[in-house]
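Printed here is my_file-v7.tsv (TSV, C-alpha atoms and all ligand atoms):
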```tsv
chain	number	residue	atom	x	y	z
H	1	MET	CA	-59.75	-33.84	-5.30
H	2	SER	CA	-59.87	-30.64	-3.32
H	3	PRO	CA	-58.04	-27.72	-4.82
H	4	VAL	CA	-54.61	-27.10	-3.41
H	5	THR	CA	-54.65	-24.23	-0.99
H	6	PRO	CA	-51.90	-21.82	-1.93
H	7	THR	CA	-49.28	-21.40	0.76
H	8	PRO	CA	-49.99	-18.10	2.45
H	9	PRO	CA	-47.16	-15.61	2.24
H	10	ALA	CA	-44.90	-15.55	5.28
H	11	PRO	CA	-46.34	-13.16	7.84
H	12	ALA	CA	-44.57	-9.86	7.41
H	13	ALA	CA	-45.77	-8.53	10.71
H	14	ASP	CA	-43.29	-10.04	13.12
H	15	GLY	CA	-40.00	-8.44	13.81
H	16	PRO	CA	-39.27	-4.76	14.06
H	17	LEU	CA	-40.13	-2.28	11.35
H	18	LEU	CA	-37.08	-0.24	12.25
H	19	SER	CA	-33.98	-1.49	13.95
H	20	VAL	CA	-31.44	1.15	14.78
H	21	ARG	CA	-28.05	-0.27	15.71
H	22	GLY	CA	-25.13	1.73	17.04
H	23	VAL	CA	-25.84	4.82	14.97
H	24	ASP	CA	-23.52	7.83	15.15
H	25	VAL	CA	-24.47	11.06	13.42
H	26	GLY	CA	-22.15	14.02	13.03
H	27	TYR	CA	-21.68	17.35	11.32
H	28	ARG	CA	-18.65	18.78	9.60
H	29	THR	CA	-18.01	22.04	11.40
H	30	GLY	CA	-14.80	23.18	9.73
H	31	ARG	CA	-12.11	21.95	7.35
H	32	ARG	CA	-10.83	19.45	9.87
H	33	THR	CA	-13.43	19.49	12.57
H	34	ARG	CA	-16.45	17.33	13.16
H	35	LEU	CA	-19.07	17.30	15.84
H	36	THR	CA	-20.62	13.98	16.76
H	37	ALA	CA	-24.15	15.00	17.71
H	38	VAL	CA	-25.56	11.48	18.17
H	39	HIS	CA	-23.54	8.62	19.68
H	40	ASP	CA	-24.31	4.97	19.45
H	41	ALA	CA	-28.10	5.13	19.19
H	42	SER	CA	-29.84	1.75	19.26
H	43	PHE	CA	-33.52	0.88	19.50
H	44	ASP	CA	-36.19	-1.21	17.80
H	45	LEU	CA	-39.54	0.09	16.68
H	46	TYR	CA	-42.23	-2.47	15.94
H	47	PRO	CA	-45.14	-1.98	13.54
H	48	GLY	CA	-47.77	0.31	14.96
H	49	GLN	CA	-45.62	1.47	17.89
H	50	SER	CA	-45.11	5.08	18.73
H	51	MET	CA	-41.95	6.26	20.42
H	52	ALA	CA	-41.30	9.71	21.84
H	53	LEU	CA	-37.78	11.12	21.88
H	54	VAL	CA	-37.39	13.61	24.68
H	55	GLY	CA	-34.58	15.69	26.11
H	56	GLU	CA	-33.30	19.24	26.44
H	57	SER	CA	-32.57	21.46	23.48
H	58	GLY	CA	-29.42	20.44	21.61
H	59	CYS	CA	-29.36	16.83	22.83
H	60	GLY	CA	-29.58	15.42	19.29
H	61	LYS	CA	-33.26	14.57	18.80
H	62	THR	CA	-33.63	16.26	15.41
H	63	THR	CA	-30.22	15.03	14.28
H	64	LEU	CA	-31.20	11.43	15.03
H	65	GLY	CA	-34.60	11.83	13.31
H	66	LEU	CA	-33.04	13.33	10.21
H	67	GLY	CA	-30.26	10.76	10.21
H	68	LEU	CA	-32.73	7.86	10.22
H	69	LEU	CA	-34.17	9.01	6.89
H	70	ARG	CA	-30.89	10.44	5.59
H	71	LEU	CA	-32.38	13.88	5.44
H	72	LEU	CA	-29.43	15.60	7.09
H	73	PRO	CA	-28.05	18.83	5.69
H	74	ARG	CA	-25.01	18.51	3.43
H	75	THR	CA	-22.58	18.79	6.31
H	76	GLY	CA	-24.25	15.97	8.25
H	77	THR	CA	-23.57	12.23	7.95
H	78	VAL	CA	-24.51	9.00	9.60
H	79	SER	CA	-20.99	7.84	10.30
H	80	ALA	CA	-21.56	4.50	12.01
H	81	GLY	CA	-24.15	1.82	12.63
H	82	GLN	CA	-27.10	0.35	10.81
H	83	ILE	CA	-30.61	1.62	10.17
H	84	LEU	CA	-32.47	-1.56	9.29
H	85	PHE	CA	-35.92	-1.03	7.86
H	86	ARG	CA	-38.43	-3.64	6.76
H	87	ARG	CA	-39.84	-2.45	3.47
H	88	LYS	CA	-43.38	-2.90	2.22
H	89	SER	CA	-42.02	-5.75	0.08
H	90	GLY	CA	-40.99	-7.55	3.29
H	91	ASP	CA	-37.25	-7.17	2.54
H	92	GLN	CA	-35.05	-5.63	5.16
H	93	VAL	CA	-32.64	-2.92	4.01
H	94	ASP	CA	-30.07	-0.77	5.69
H	95	VAL	CA	-31.22	2.76	4.92
H	96	ARG	CA	-27.54	3.78	4.95
H	97	THR	CA	-26.89	1.68	1.86
H	98	LEU	CA	-29.85	2.79	-0.27
H	99	ALA	CA	-28.83	4.31	-3.59
H	100	LYS	CA	-30.12	7.76	-4.45
H	101	GLU	CA	-33.13	6.73	-6.54
H	102	ASP	CA	-34.18	4.05	-4.10
H	103	LEU	CA	-33.79	6.44	-1.20
H	104	ARG	CA	-36.10	8.88	-2.93
H	105	ARG	CA	-38.73	6.16	-3.27
H	106	PHE	CA	-38.18	5.02	0.31
H	107	ARG	CA	-38.99	8.47	1.59
H	108	TRP	CA	-42.68	9.34	1.38
H	109	ASN	CA	-43.60	5.84	0.23
H	110	GLU	CA	-42.28	4.04	3.28
H	111	ALA	CA	-41.14	6.66	5.74
H	112	ALA	CA	-41.97	10.34	5.93
H	113	MET	CA	-40.95	13.20	8.17
H	114	VAL	CA	-42.77	16.27	9.38
H	115	PHE	CA	-40.00	18.73	10.14
H	116	GLN	CA	-39.43	20.99	13.09
H	117	GLY	CA	-40.59	24.47	12.11
H	118	ALA	CA	-42.84	22.89	9.51
H	119	MET	CA	-44.78	26.10	9.14
H	120	ASN	CA	-42.26	27.07	6.53
H	121	ALA	CA	-42.26	23.72	4.79
H	122	PHE	CA	-44.59	24.85	2.01
H	123	ASN	CA	-43.50	26.81	-0.99
H	124	PRO	CA	-45.36	30.12	-0.51
H	125	VAL	CA	-46.07	30.66	-4.20
H	126	LEU	CA	-47.76	27.29	-4.75
H	127	ARG	CA	-51.38	26.56	-3.95
H	128	MET	CA	-51.96	23.63	-1.63
H	129	GLU	CA	-53.32	21.52	-4.47
H	130	GLU	CA	-50.02	21.89	-6.27
H	131	HIS	CA	-48.18	20.64	-3.20
H	132	PHE	CA	-50.32	17.51	-3.24
H	133	LEU	CA	-50.01	17.02	-7.00
H	134	ASP	CA	-46.23	17.44	-6.86
H	135	THR	CA	-45.88	15.00	-3.99
H	136	PHE	CA	-47.93	12.27	-5.63
H	137	ARG	CA	-46.33	12.74	-9.02
H	138	ALA	CA	-42.80	12.82	-7.70
H	139	HIS	CA	-43.11	9.71	-5.59
H	140	GLU	CA	-45.66	7.37	-7.07
H	141	ARG	CA	-44.48	4.37	-8.96
H	142	ARG	CA	-47.69	4.33	-10.98
H	143	THR	CA	-47.85	5.87	-14.41
H	144	ARG	CA	-49.02	9.42	-14.49
H	145	ARG	CA	-52.50	9.67	-13.05
H	146	PRO	CA	-55.03	12.29	-14.05
H	147	ARG	CA	-55.02	15.45	-11.99
H	148	ALA	CA	-58.66	15.01	-10.94
H	149	GLU	CA	-57.97	11.58	-9.50
H	150	ILE	CA	-55.02	12.82	-7.45
H	151	LEU	CA	-57.01	15.78	-6.20
H	152	GLU	CA	-59.80	13.49	-5.13
H	153	GLU	CA	-57.34	11.43	-3.10
H	154	SER	CA	-55.83	14.64	-1.67
H	155	ALA	CA	-59.31	15.73	-0.60
H	156	GLU	CA	-59.77	12.43	1.24
H	157	LEU	CA	-56.45	12.93	3.00
H	158	LEU	CA	-57.44	16.43	4.08
H	159	GLU	CA	-60.77	15.18	5.35
H	160	MET	CA	-58.87	12.64	7.40
H	161	VAL	CA	-57.25	15.51	9.31
H	162	ARG	CA	-60.62	17.31	9.41
H	163	LEU	CA	-59.83	20.02	6.95
H	164	ASP	CA	-62.27	21.21	4.32
H	165	PRO	CA	-60.65	20.36	0.97
H	166	ALA	CA	-62.71	22.99	-0.87
H	167	ARG	CA	-61.20	25.63	1.40
H	168	VAL	CA	-57.66	24.24	1.62
H	169	LEU	CA	-56.78	22.98	-1.86
H	170	PRO	CA	-57.20	26.26	-3.76
H	171	SER	CA	-55.44	28.29	-1.03
H	172	HIS	CA	-51.88	29.44	-0.76
H	173	PRO	CA	-50.12	28.38	2.48
H	174	HIS	CA	-50.26	31.90	3.98
H	175	GLU	CA	-54.04	31.91	3.62
H	176	LEU	CA	-54.29	29.08	6.15
H	177	SER	CA	-53.87	29.27	9.90
H	178	GLY	CA	-50.85	27.65	11.55
H	179	GLY	CA	-52.95	24.75	12.78
H	180	MET	CA	-54.42	24.16	9.33
H	181	ARG	CA	-50.97	24.19	7.73
H	182	GLN	CA	-49.67	21.74	10.29
H	183	ARG	CA	-52.58	19.39	9.69
H	184	ALA	CA	-52.21	19.72	5.92
H	185	LEU	CA	-48.58	18.81	6.31
H	186	ILE	CA	-49.43	15.68	8.28
H	187	ALA	CA	-51.95	14.76	5.55
H	188	LEU	CA	-49.27	15.28	2.93
H	189	ALA	CA	-46.74	13.18	4.85
H	190	LEU	CA	-49.29	10.36	4.95
H	191	ALA	CA	-50.19	10.68	1.26
H	192	LEU	CA	-48.28	7.61	0.15
H	193	ARG	CA	-49.18	5.62	3.25
H	194	PRO	CA	-45.73	5.37	4.80
H	195	GLN	CA	-45.18	2.75	7.48
H	196	LEU	CA	-43.12	5.16	9.54
H	197	LEU	CA	-43.84	8.79	10.32
H	198	ILE	CA	-41.25	10.92	12.12
H	199	LEU	CA	-42.67	14.11	13.57
H	200	ASP	CA	-40.32	16.73	14.94
H	201	GLU	CA	-42.02	19.04	17.46
H	202	PRO	CA	-45.20	19.03	15.38
H	203	THR	CA	-47.24	21.10	17.80
H	204	THR	CA	-44.72	23.43	19.40
H	205	ALA	CA	-45.72	26.54	17.49
H	206	LEU	CA	-49.45	26.01	17.98
H	207	ASP	CA	-51.76	27.38	20.62
H	208	VAL	CA	-53.01	24.94	23.23
H	209	LEU	CA	-56.40	24.23	21.66
H	210	THR	CA	-54.93	23.65	18.21
H	211	GLN	CA	-52.28	21.43	19.79
H	212	ARG	CA	-55.06	19.35	21.29
H	213	SER	CA	-56.83	18.84	18.03
H	214	VAL	CA	-53.62	17.90	16.19
H	215	VAL	CA	-52.82	15.37	18.92
H	216	GLU	CA	-56.30	13.89	18.76
H	217	GLN	CA	-56.07	13.57	15.01
H	218	LEU	CA	-52.69	11.91	15.18
H	219	THR	CA	-54.05	9.37	17.64
H	220	GLU	CA	-57.04	8.71	15.41
H	221	LEU	CA	-54.94	8.44	12.26
H	222	ARG	CA	-52.59	6.00	13.87
H	223	GLU	CA	-55.46	3.78	14.91
H	224	ARG	CA	-56.82	3.89	11.40
H	225	LEU	CA	-53.67	3.62	9.31
H	226	ARG	CA	-51.46	1.68	11.73
H	227	PHE	CA	-48.22	3.45	10.95
H	228	SER	CA	-45.34	3.54	13.41
H	229	MET	CA	-44.31	6.87	14.75
H	230	VAL	CA	-41.24	8.57	16.18
H	231	PHE	CA	-42.40	11.66	17.93
H	232	ILE	CA	-39.79	14.25	18.89
H	233	THR	CA	-40.87	16.65	21.58
H	234	HIS	CA	-39.92	18.86	24.50
H	235	ASP	CA	-43.38	18.38	25.86
H	236	LEU	CA	-43.47	15.44	28.24
H	237	GLY	CA	-47.21	15.67	28.63
H	238	LEU	CA	-47.56	15.11	24.91
H	239	ALA	CA	-45.09	12.25	25.03
H	240	ALA	CA	-47.12	10.61	27.79
H	241	GLU	CA	-50.25	10.93	25.75
H	242	LEU	CA	-49.05	9.93	22.32
H	243	ALA	CA	-46.30	7.43	22.88
H	244	ASP	CA	-46.24	3.78	23.88
H	245	ARG	CA	-42.63	4.22	24.76
H	246	VAL	CA	-40.12	6.93	25.42
H	247	GLY	CA	-36.42	7.40	24.75
H	248	THR	CA	-34.63	10.06	26.77
H	249	MET	CA	-31.63	11.65	25.12
H	250	TYR	CA	-28.84	13.50	26.85
H	251	ALA	CA	-25.76	15.02	25.18
H	252	GLY	CA	-26.24	12.93	22.04
H	253	ARG	CA	-26.97	9.60	23.68
H	254	LEU	CA	-30.08	7.62	24.43
H	255	ILE	CA	-29.76	7.28	28.18
H	256	GLU	CA	-33.03	5.64	29.06
H	257	THR	CA	-35.67	3.78	27.07
H	258	GLY	CA	-38.79	2.00	28.18
H	259	THR	CA	-42.54	2.07	28.08
H	260	THR	CA	-44.20	5.36	28.84
H	261	ARG	CA	-45.24	3.92	32.20
H	262	ASP	CA	-41.67	2.87	33.00
H	263	LEU	CA	-40.31	6.32	32.38
H	264	PHE	CA	-43.04	8.26	34.09
H	265	HIS	CA	-43.41	5.99	37.10
H	266	ARG	CA	-40.17	4.10	37.42
H	267	ALA	CA	-37.50	6.28	35.89
H	268	ARG	CA	-34.06	4.78	36.53
H	269	HIS	CA	-31.88	7.49	35.13
H	270	PRO	CA	-31.61	10.61	37.32
H	271	TYR	CA	-31.85	12.77	34.20
H	272	THR	CA	-35.22	11.32	33.15
H	273	SER	CA	-36.35	11.65	36.72
H	274	ALA	CA	-35.31	15.30	36.81
H	275	LEU	CA	-36.89	15.98	33.43
H	276	ILE	CA	-40.19	14.52	34.56
H	277	GLY	CA	-39.86	16.27	37.89
H	278	SER	CA	-39.70	19.56	36.02
H	279	VAL	CA	-43.22	19.08	34.63
H	280	PRO	CA	-45.68	20.85	36.89
H	281	PRO	CA	-48.37	18.54	38.27
H	282	VAL	CA	-51.57	18.62	36.26
H	283	ALA	CA	-53.77	19.39	39.23
H	284	GLY	CA	-53.47	19.84	42.93
H	285	ASP	CA	-50.91	21.96	44.73
H	286	ARG	CA	-49.40	24.92	42.99
H	287	HIS	CA	-45.92	23.80	43.88
H	288	VAL	CA	-43.64	24.72	41.03
H	289	PRO	CA	-40.87	22.15	40.69
H	290	GLU	CA	-37.33	23.36	40.59
H	291	PRO	CA	-35.78	23.34	37.17
H	292	LEU	CA	-32.77	21.13	36.68
H	293	PRO	CA	-29.73	23.23	37.59
H	294	GLY	CA	-26.91	23.68	35.09
H	295	GLY	CA	-26.93	22.79	31.44
H	296	PRO	CA	-25.77	19.89	29.28
H	297	PRO	CA	-22.05	19.72	28.48
H	298	GLY	CA	-20.75	20.97	25.14
H	299	LEU	CA	-20.64	18.07	22.69
H	300	ASN	CA	-17.01	18.87	21.97
H	301	ALA	CA	-16.06	18.72	25.60
H	302	LEU	CA	-17.87	15.72	27.00
H	303	PRO	CA	-16.63	14.52	30.37
H	304	PRO	CA	-14.81	11.16	30.19
H	305	GLY	CA	-17.33	9.37	32.34
H	306	CYS	CA	-21.07	9.87	32.42
H	307	SER	CA	-22.14	13.03	30.55
H	308	PHE	CA	-24.72	13.78	33.22
H	309	GLU	CA	-22.29	13.39	36.12
H	310	PRO	CA	-21.62	17.14	36.63
H	311	ARG	CA	-25.33	17.75	37.24
H	312	CYS	CA	-26.22	14.48	38.89
H	313	PRO	CA	-27.35	14.34	42.52
H	314	ARG	CA	-26.34	10.67	42.69
H	315	ALA	CA	-22.92	10.88	41.10
H	316	THR	CA	-20.04	9.04	42.73
H	317	GLU	CA	-16.37	8.99	41.90
H	318	GLU	CA	-16.86	6.05	39.57
H	319	CYS	CA	-19.24	8.14	37.46
H	320	THR	CA	-16.47	10.61	36.61
H	321	ALA	CA	-14.35	7.85	35.08
H	322	THR	CA	-16.69	5.25	33.61
H	323	ARG	CA	-19.17	5.88	30.81
H	324	PRO	CA	-22.26	3.82	31.57
H	325	GLU	CA	-23.71	1.63	28.81
H	326	LEU	CA	-27.43	1.49	28.15
H	327	ARG	CA	-28.25	-1.62	30.21
H	328	VAL	CA	-31.45	-3.62	30.13
H	329	LEU	CA	-33.01	-3.60	33.60
H	330	HIS	CA	-36.31	-5.16	32.77
H	331	PRO	CA	-36.39	-7.26	29.60
H	332	ARG	CA	-39.56	-7.32	27.49
H	333	ASP	CA	-40.49	-8.34	23.96
H	334	GLU	CA	-41.06	-6.03	21.02
H	335	GLY	CA	-38.37	-3.53	21.92
H	336	LEU	CA	-40.19	-2.56	25.11
H	337	SER	CA	-37.43	-3.42	27.57
H	338	HIS	CA	-36.64	-0.86	30.21
H	339	ALA	CA	-32.99	0.15	29.87
H	340	ALA	CA	-30.91	2.90	31.45
H	341	ALA	CA	-27.36	4.14	31.11
H	342	CYS	CA	-26.54	4.81	34.74
H	343	LEU	CA	-24.06	3.00	36.96
H	344	HIS	CA	-26.54	3.35	39.80
H	345	ALA	CA	-29.64	2.33	37.86
H	346	ASP	CA	-30.14	-0.68	40.13
H	347	GLY	CA	-30.39	1.50	43.19
H	348	ALA	CA	-33.58	2.73	44.79
H	349	GLU	CA	-36.25	3.97	42.42
H	350	LEU	CA	-35.90	7.62	41.65
H	351	PRO	CA	-38.53	10.09	42.70
H	352	THR	CA	-40.71	11.55	39.97
H	353	ARG	CA	-43.06	14.34	40.69
H	354	GLY	CA	-44.87	14.70	37.40
H	355	GLY	CA	-48.59	14.25	37.15
H	356	HIS	CA	-48.44	11.92	34.12
H	357	PRO	CA	-49.98	9.54	33.15
H	401	LIG	N1	-26.13	21.73	10.68
H	401	LIG	C1	-25.45	21.61	11.81
H	401	LIG	N2	-24.11	21.79	11.84
H	401	LIG	C2	-23.40	21.68	12.98
H	401	LIG	N3	-23.94	21.33	14.16
H	401	LIG	C3	-25.27	21.14	14.20
H	401	LIG	C4	-26.09	21.26	13.03
H	401	LIG	N4	-27.37	20.99	13.38
H	401	LIG	C5	-27.34	20.70	14.70
H	401	LIG	N5	-26.09	20.79	15.18
H	401	LIG	C6	-25.66	20.53	16.57
H	401	LIG	O1	-25.99	19.20	16.90
H	401	LIG	C7	-26.44	19.13	18.24
H	401	LIG	C8	-27.80	18.48	18.28
H	401	LIG	O2	-28.73	19.34	17.67
H	401	LIG	P1	-30.23	18.94	17.38
H	401	LIG	O3	-30.81	20.01	16.55
H	401	LIG	O4	-30.26	17.56	16.84
H	401	LIG	O5	-30.84	18.95	18.84
H	401	LIG	P2	-32.35	18.85	19.33
H	401	LIG	O6	-32.37	17.87	20.43
H	401	LIG	O7	-33.23	18.59	18.16
H	401	LIG	O8	-32.62	20.29	19.91
H	401	LIG	P3	-33.98	21.16	19.93
H	401	LIG	O9	-34.79	20.57	21.06
H	401	LIG	O10	-33.51	22.54	20.23
H	401	LIG	O11	-34.65	21.04	18.61
H	401	LIG	C9	-26.42	20.55	18.79
H	401	LIG	O12	-25.23	20.71	19.51
H	401	LIG	C10	-26.42	21.40	17.56
H	401	LIG	O13	-25.75	22.61	17.79
H	402	MG	MG	-34.74	19.66	17.28
```
For this file, produce the structure as structure tokens.
Ligand SMILES: Nc1ncnc2c1ncn2[C@@H]1O[C@H](COP(=O)(O)OP(=O)(O)OP(=O)(O)O)[C@@H](O)[C@H]1O
Ligand SMILES: [Mg+2]
Amino acid sequence: MSPVTPTPPAPAADGPLLSVRGVDVGYRTGRRTRLTAVHDASFDLYPGQSMALVGESGCGKTTLGLGLLRLLPRTGTVSAGQILFRRKSGDQVDVRTLAKEDLRRFRWNEAAMVFQGAMNAFNPVLRMEEHFLDTFRAHERRTRRPRAEILEESAELLEMVRLDPARVLPSHPHELSGGMRQRALIALALALRPQLLILDEPTTALDVLTQRSVVEQLTELRERLRFSMVFITHDLGLAAELADRVGTMYAGRLIETGTTRDLFHRARHPYTSALIGSVPPVAGDRHVPEPLPGGPPGLNALPPGCSFEPRCPRATEECTATRPELRVLHPRDEGLSHAAACLHADGAELPTRGGHP
């Protein structure tokens, strides 16, 4: 009799890794006042996908990123919605309901964040090796491992981001260049092999050449380790290069989502179109596009209709009264549908002048 083949475990790979549903995030701003900085965010992120969040300063990108991992400052809370995450075990949890200890394990082990302004993320009095030792020891489930073993693994991580461990590990953070610190931080975030990495403006403070090498390493690491990524950036060129898909935010809302191609070639929301139009072409004429006039509305004084209406070249009377929902225009699997929150999204395609991709 042939041996019984054990039933293979159910494939864990289908379905989204992260499913964000109607998430609101706000800050307490006074004894009785609150500011809702993110309204009704919804999107799915599948394993291995990379999504860029773009939009002007103050539109809620960092707030959403922090909210997803419950890393908000004390005054911040996720006040509505679900953040469904498929854990390494295959179980789906709502990150909002994780108890303190579980949340601590969830972070680093399953999802990690590289913060905006990460240059200051290291404790200046600790050598880099201590940062690695602390991270592993604080978050590993395993029993205490010998120092040498952890340092060996840390060295491998640093090599992965093309840093020389012999130079980096014994150094204090200030002895490293900005680019080296940023790469070390990415290595540290990946230490426990999270399935999701959220990076908030990871290259903004770096010079152009260092930016390039960080971007190349991120691309390489993602191919190798297959983590999913949410990439927050002002830099649309970077978004075009690193992301499979893009979410545009405006005044706290996701107003357009789709593949990178959709947004760069077939933008349906006038704001995305204007944002892309404000990227100078890569080559060719030296025409400098006009910046988008005006600024986003204060989050405490949002117009009753579409938040973009006061700046919108397409706005009609209806736009002043009706808030447009994020509507699917072109359905696709794996969270890749093209959706826009514009009453006129079905109209003619909007011009984009950017040179990407
Ligand atoms: N700790 C806080 N308390 C109160 N309001 C805050 C706090 N942090 C952010 N905000 C407000 O929330 C809104 C969204 O800010 P957020 O930092 O998420 O924007 P952002 O898109 O990341 O901007 P940037 O591109 O400048 O980083 C802004 O109006 C900001 O002033
Ligand atoms: Mg930010």
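For the choices H:Leu169, H:Ile232, H:Leu326, H:Leu185, the atom-to-atom distance to ligand MG 402 (chain H) is smallest for H:Ile232 when using all atoms listed in the file.
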Report task. Extract, using all atoms listed in the file, all DNA, RNA and protein residues at most 10 Å from Glu318 in chain H, discarding same-chain residues fewer than 2 positions from it, and format them as a ChimeraX atom specification. Result -> /H:305-306,309,315-316,320-324,343
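When all atoms listed in the file are used to measure the gap to ligand LIG 401 (chain H), the shortest distance among H:Pro303, H:Pro47, H:Gly15, H:Gly67 belongs to H:Gly67.
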Query raised in the report: So how far away is CA of Val78 in chain H from atom C3 of ligand LIG 401 (chain H), in Å?
Result: 13.0 Å
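Taking CA of Ala240 in chain H and CA of Arg261 in chain H as endpoints, the distance between them is 8.2 Å.
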Query - Env. residues ligand LIG 401 (chain H) / 7 Å / all atoms listed in the file / as a ChimeraX atom specification - result: /H:27-29,35,37,55-64,73,75-76,234,252,299
Query raised in the report: Counting only C-alpha atoms, which of H:Met113, H:Leu84, H:Met180, H:Leu209 gets nearest to Asp164 in chain H?
Result: H:Met180
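Going from CA of Pro16 in chain H to CA of Ser79 in chain H covers 22.5 Å.
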Contacts of Arg137 in chain H within 12 Å, all atoms listed in the file, excl. fewer than 5 positions in-chain, as a PDB file with C-alpha atoms, in the frame of the given file:
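Heads up, here's the output in out_28.pdb:
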```pdb
ATOM      1  CA  ARG H 105     -38.730   6.160  -3.270  1.00  0.00           C
ATOM      2  CA  TRP H 108     -42.680   9.340   1.380  1.00  0.00           C
ATOM      3  CA  ASN H 109     -43.600   5.840   0.230  1.00  0.00           C
ATOM      4  CA  GLU H 130     -50.020  21.890  -6.270  1.00  0.00           C
ATOM      5  CA  HIS H 131     -48.180  20.640  -3.200  1.00  0.00           C
ATOM      6  CA  PHE H 132     -50.320  17.510  -3.240  1.00  0.00           C
ATOM      7  CA  ARG H 142     -47.690   4.330 -10.980  1.00  0.00           C
ATOM      8  CA  THR H 143     -47.850   5.870 -14.410  1.00  0.00           C
ATOM      9  CA  ARG H 144     -49.020   9.420 -14.490  1.00  0.00           C
ATOM     10  CA  ARG H 145     -52.500   9.670 -13.050  1.00  0.00           C
ATOM     11  CA  PRO H 146     -55.030  12.290 -14.050  1.00  0.00           C
ATOM     12  CA  ARG H 147     -55.020  15.450 -11.990  1.00  0.00           C
ATOM     13  CA  GLU H 149     -57.970  11.580  -9.500  1.00  0.00           C
ATOM     14  CA  ILE H 150     -55.020  12.820  -7.450  1.00  0.00           C
ATOM     15  CA  LEU H 151     -57.010  15.780  -6.200  1.00  0.00           C
ATOM     16  CA  ALA H 191     -50.190  10.680   1.260  1.00  0.00           C
ATOM     17  CA  LEU H 192     -48.280   7.610   0.150  1.00  0.00           C
TER      18      LEU H 192
END
```
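Closest to Pro270 in chain H among H:Glu256, H:Glu220, H:Glu110, H:Glu101 is H:Glu256, based on all atoms listed in the file.
Between Leu133 in chain H and the residues H:Leu188, H:Ala121, H:Leu163, H:Leu218, the shortest atom-to-atom distance, using all atoms listed in the file, involves H:Leu188.
Among the candidate residues H:Phe106, H:Phe85, H:Phe231, H:Tyr46, the one lying nearest to ligand MG 402 (chain H) is H:Phe231, with distances computed using all atoms listed in the file.
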Query - Residue contacts of Met128 in chain H (10 Å, only C-alpha atoms) excluding same-chain residues fewer than 3 positions away, as a ChimeraX atom specification - result: /H:122-125,131-134,154,165,167-173,176,181,184-185,188
Near range 327-331 of chain H, 10 Å: range 230-318 of chain H residue rows, closest pairs, all atoms listed in the file, as JSON lines:
```
{"residue": "H:Ile255", "atom": "CA", "partner": "H:Arg327", "partner_atom": "CA", "distance": 9.3}
{"residue": "H:Glu256", "atom": "CA", "partner": "H:Arg327", "partner_atom": "CA", "distance": 8.8}
{"residue": "H:Thr257", "atom": "CA", "partner": "H:Val328", "partner_atom": "CA", "distance": 9.1}
{"residue": "H:Gly258", "atom": "CA", "partner": "H:His330", "partner_atom": "CA", "distance": 8.9}
{"residue": "H:Asp262", "atom": "CA", "partner": "H:His330", "partner_atom": "CA", "distance": 9.7}
{"residue": "H:Arg268", "atom": "CA", "partner": "H:Leu329", "partner_atom": "CA", "distance": 8.9}
```
